[in-house]
file coords22.pdb (PDB, C-alpha atoms and all ligand atoms)
MODEL        1
ATOM      1  CA  MET A   1     250.292 114.330  18.674
ATOM      2  CA  LYS A   2     251.733 117.276  16.835
ATOM      3  CA  THR A   3     249.306 119.727  15.292
ATOM      4  CA  SER A   4     250.833 119.151  11.865
ATOM      5  CA  GLU A   5     250.392 115.378  12.215
ATOM      6  CA  LEU A   6     246.836 115.873  13.358
ATOM      7  CA  ALA A   7     246.148 118.081  10.349
ATOM      8  CA  GLN A   8     247.516 115.407   8.026
ATOM      9  CA  CYS A   9     245.355 112.705   9.572
ATOM     10  CA  ARG A  10     242.338 114.967   9.320
ATOM     11  CA  LYS A  11     243.040 115.545   5.651
ATOM     12  CA  ILE A  12     243.266 111.809   4.981
ATOM     13  CA  LEU A  13     240.046 111.214   6.913
ATOM     14  CA  VAL A  14     238.152 113.872   4.978
ATOM     15  CA  ALA A  15     239.442 112.457   1.673
ATOM     16  CA  GLN A  16     238.354 108.947   2.696
ATOM     17  CA  GLN A  17     234.988 110.301   3.748
ATOM     18  CA  GLU A  18     234.440 111.902   0.361
ATOM     19  CA  GLU A  19     235.479 108.742  -1.421
ATOM     20  CA  ALA A  20     233.164 106.566   0.658
ATOM     21  CA  LEU A  21     230.275 108.924  -0.011
ATOM     22  CA  ARG A  22     231.061 108.818  -3.719
ATOM     23  CA  HIS A  23     231.096 105.013  -3.690
ATOM     24  CA  THR A  24     227.792 104.888  -1.869
ATOM     25  CA  ARG A  25     226.229 107.293  -4.323
ATOM     26  CA  ARG A  26     227.539 105.315  -7.270
ATOM     27  CA  ALA A  27     226.170 102.093  -5.794
ATOM     28  CA  LEU A  28     222.786 103.748  -5.385
ATOM     29  CA  GLU A  29     222.806 105.058  -8.934
ATOM     30  CA  GLY A  30     223.709 101.614 -10.207
ATOM     31  CA  GLU A  31     220.685 100.285  -8.381
ATOM     32  CA  LEU A  32     218.412 102.853  -9.978
ATOM     33  CA  ASP A  33     219.683 101.999 -13.450
ATOM     34  CA  VAL A  34     218.979  98.356 -12.808
ATOM     35  CA  ASN A  35     215.446  99.083 -11.622
ATOM     36  CA  ARG A  36     214.685 101.121 -14.717
ATOM     37  CA  ASP A  37     215.135  98.044 -16.866
ATOM     38  CA  ASP A  38     211.644  97.252 -18.197
ATOM     39  CA  SER A  39     211.603  93.687 -19.445
ATOM     40  CA  PRO A  40     214.622  91.768 -18.265
ATOM     41  CA  ASP A  41     215.145  88.262 -19.574
ATOM     42  CA  GLU A  42     216.371  85.493 -17.338
ATOM     43  CA  LEU A  43     220.028  86.398 -17.621
ATOM     44  CA  ASP A  44     219.278  90.007 -16.748
ATOM     45  CA  ILE A  45     217.300  88.995 -13.690
ATOM     46  CA  ALA A  46     220.247  87.012 -12.406
ATOM     47  CA  SER A  47     222.687  89.865 -12.970
ATOM     48  CA  THR A  48     220.174  92.346 -11.528
ATOM     49  CA  GLU A  49     219.996  90.356  -8.344
ATOM     50  CA  SER A  50     223.727  90.027  -8.050
ATOM     51  CA  SER A  51     224.348  93.703  -8.746
ATOM     52  CA  LEU A  52     221.687  94.636  -6.203
ATOM     53  CA  SER A  53     223.351  92.601  -3.508
ATOM     54  CA  PHE A  54     226.705  93.949  -4.624
ATOM     55  CA  ALA A  55     225.419  97.501  -4.224
ATOM     56  CA  GLY A  56     224.079  96.530  -0.809
ATOM     57  CA  GLN A  57     227.441  95.151   0.206
ATOM     58  CA  ILE A  58     229.234  98.273  -0.900
ATOM     59  CA  ARG A  59     226.768 100.440   0.976
ATOM     60  CA  GLU A  60     227.119  98.412   4.134
ATOM     61  CA  ARG A  61     230.900  98.477   4.007
ATOM     62  CA  GLU A  62     231.073 102.167   3.165
ATOM     63  CA  GLN A  63     228.583 102.962   5.906
ATOM     64  CA  ARG A  64     230.678 101.185   8.498
ATOM     65  CA  LEU A  65     233.725 103.086   7.305
ATOM     66  CA  LEU A  66     231.825 106.383   7.346
ATOM     67  CA  LEU A  67     230.819 105.784  10.968
ATOM     68  CA  LYS A  68     234.453 105.177  11.880
ATOM     69  CA  ILE A  69     235.537 108.295  10.019
ATOM     70  CA  ASP A  70     232.861 110.368  11.795
ATOM     71  CA  HIS A  71     234.035 109.011  15.118
ATOM     72  CA  SER A  72     237.666 109.822  14.298
ATOM     73  CA  LEU A  73     236.820 113.367  13.200
ATOM     74  CA  GLU A  74     234.882 113.821  16.447
ATOM     75  CA  LYS A  75     237.926 112.739  18.389
ATOM     76  CA  ILE A  76     240.036 115.284  16.536
ATOM     77  CA  GLU A  77     237.542 117.960  17.619
ATOM     78  CA  MET A  78     237.653 116.750  21.213
ATOM     79  CA  GLY A  79     241.427 116.470  21.230
ATOM     80  CA  THR A  80     241.497 112.753  21.998
ATOM     81  CA  TYR A  81     242.473 111.616  18.520
ATOM     82  CA  GLY A  82     245.575 109.438  18.380
ATOM     83  CA  GLU A  83     245.047 107.923  21.836
ATOM     84  CA  CYS A  84     244.366 104.226  22.132
ATOM     85  CA  GLU A  85     240.779 103.714  23.329
ATOM     86  CA  GLU A  86     241.890 100.693  25.307
ATOM     87  CA  CYS A  87     245.075 101.685  27.146
ATOM     88  CA  GLY A  88     245.320 105.439  26.453
ATOM     89  CA  GLU A  89     248.779 105.196  24.888
ATOM     90  CA  GLU A  90     249.563 107.050  21.696
ATOM     91  CA  ILE A  91     248.637 105.024  18.633
ATOM     92  CA  GLY A  92     251.509 106.550  16.698
ATOM     93  CA  PHE A  93     251.545 108.702  13.633
ATOM     94  CA  ALA A  94     252.904 106.020  11.255
ATOM     95  CA  ARG A  95     250.011 103.700  12.095
ATOM     96  CA  LEU A  96     247.444 106.473  11.884
ATOM     97  CA  LYS A  97     248.748 107.653   8.563
ATOM     98  CA  ALA A  98     248.277 104.155   7.149
ATOM     99  CA  ARG A  99     244.961 103.668   8.916
ATOM    100  CA  PRO A 100     243.543 106.973  10.172
ATOM    101  CA  VAL A 101     240.388 105.363  11.591
ATOM    102  CA  ALA A 102     242.427 103.161  13.926
ATOM    103  CA  SER A 103     241.167 103.496  17.501
ATOM    104  CA  LEU A 104     243.555 101.046  19.145
ATOM    105  CA  CYS A 105     247.327 100.934  19.388
ATOM    106  CA  ILE A 106     249.054  98.052  17.667
ATOM    107  CA  ASP A 107     249.372  96.059  20.923
ATOM    108  CA  CYS A 108     245.698  96.379  21.894
ATOM    109  CA  LYS A 109     244.675  95.620  18.338
ATOM    110  CA  ALA A 110     246.736  92.436  18.416
ATOM    111  CA  ASP A 111     245.127  91.502  21.756
ATOM    112  CA  GLN A 112     241.676  92.113  20.326
ATOM    113  CA  GLU A 113     242.383  89.990  17.273
ATOM    114  CA  ARG A 114     243.652  87.186  19.469
ATOM    115  CA  LEU A 115     240.428  87.289  21.475
ATOM    116  CA  GLU A 116     238.269  87.320  18.357
ATOM    117  CA  ARG A 117     239.900  84.219  16.998
TER     118      ARG A 117
HETATM  119 ZN    ZN A 201     246.450 100.311  23.497
ENDMDL
END

call {"tool": "encode", "arguments": {"input": "coords22.pdb", "output": "structure tokens"}}
result
Amino acid sequence: MKTSELAQCRKILVAQQEEALRHTRRALEGELDVNRDDSPDELDIASTESSLSFAGQIREREQRLLLKIDHSLEKIEMGTYGECEECGEEIGFARLKARPVASLCIDCKADQERLER
């Protein structure tokens, strides 16, 4: 991969990382607001429960993404970013730009999805 392409991917990754952290924080703050509610009536209890699980879902999803982003940034440091973890071929800049946390080339990804189904 070209250094300029690598720099672009890194920039996207860092931006996604910041956004995921912001989402997680917002989900946590939402949870705190909900807990501060003193005497919720029945309707509030129902919405409290659903917003709690919603916050949990966001956190879980963002955490998975953050792990992938960390892993990708590590690979940039090690100089292995952009290589398919399965076959070692280049993943390709177009694919990485659209999905910078991708760790497989399009062919290996398709194989993996076939196996998962
Ligand atoms: Zn591959």

call {"tool": "resolve_selection", "arguments": {"input": "coords22.pdb", "expression": "the PyMOL selection byres (((chain A and resi 91) around 9) and not hetatm)", "output": "number ranges by chain"}}
result
A: 82-84, 88-90, 92-96, 102-106

call {"tool": "axis_aligned_box", "arguments": {"input": "coords22.pdb", "around": "range 78-81 of chain A", "padding_each_side": "3 Å", "output": "JSON"}}
result
{"center_x": 240.1, "center_y": 114.2, "center_z": 20.3, "size_x": 10.8, "size_y": 11.1, "size_z": 9.5}

call {"tool": "closest_residue", "arguments": {"input": "coords22.pdb", "among": "A:Ala110, A:Cys87, A:Ile69, A:Leu115", "to": "Lys11 in chain A", "atoms": "all atoms listed in the file"}}
result
A:Ile69

call {"tool": "atom_distance", "arguments": {"input": "coords22.pdb", "atom1": "CA of Pro100 in chain A", "atom2": "CA of Cys9 in chain A"}}
result
6.0 Å

call {"tool": "closest_residue", "arguments": {"input": "coords22.pdb", "among": "A:Leu67, A:Met1, A:His23, A:Asp107", "to": "Glu86 in chain A", "atoms": "all atoms listed in the file"}}
result
A:Asp107

call {"tool": "closest_residue", "arguments": {"input": "coords22.pdb", "among": "A:Glu62, A:Glu29, A:Glu85, A:Glu18", "to": "ligand ZN 201 (chain A)", "atoms": "only C-alpha atoms and all ligand atoms"}}
result
A:Glu85

call {"tool": "atom_distance", "arguments": {"input": "coords22.pdb", "atom1": "CA of Cys108 in chain A", "atom2": "CA of His71 in chain A"}}
result
18.5 Å
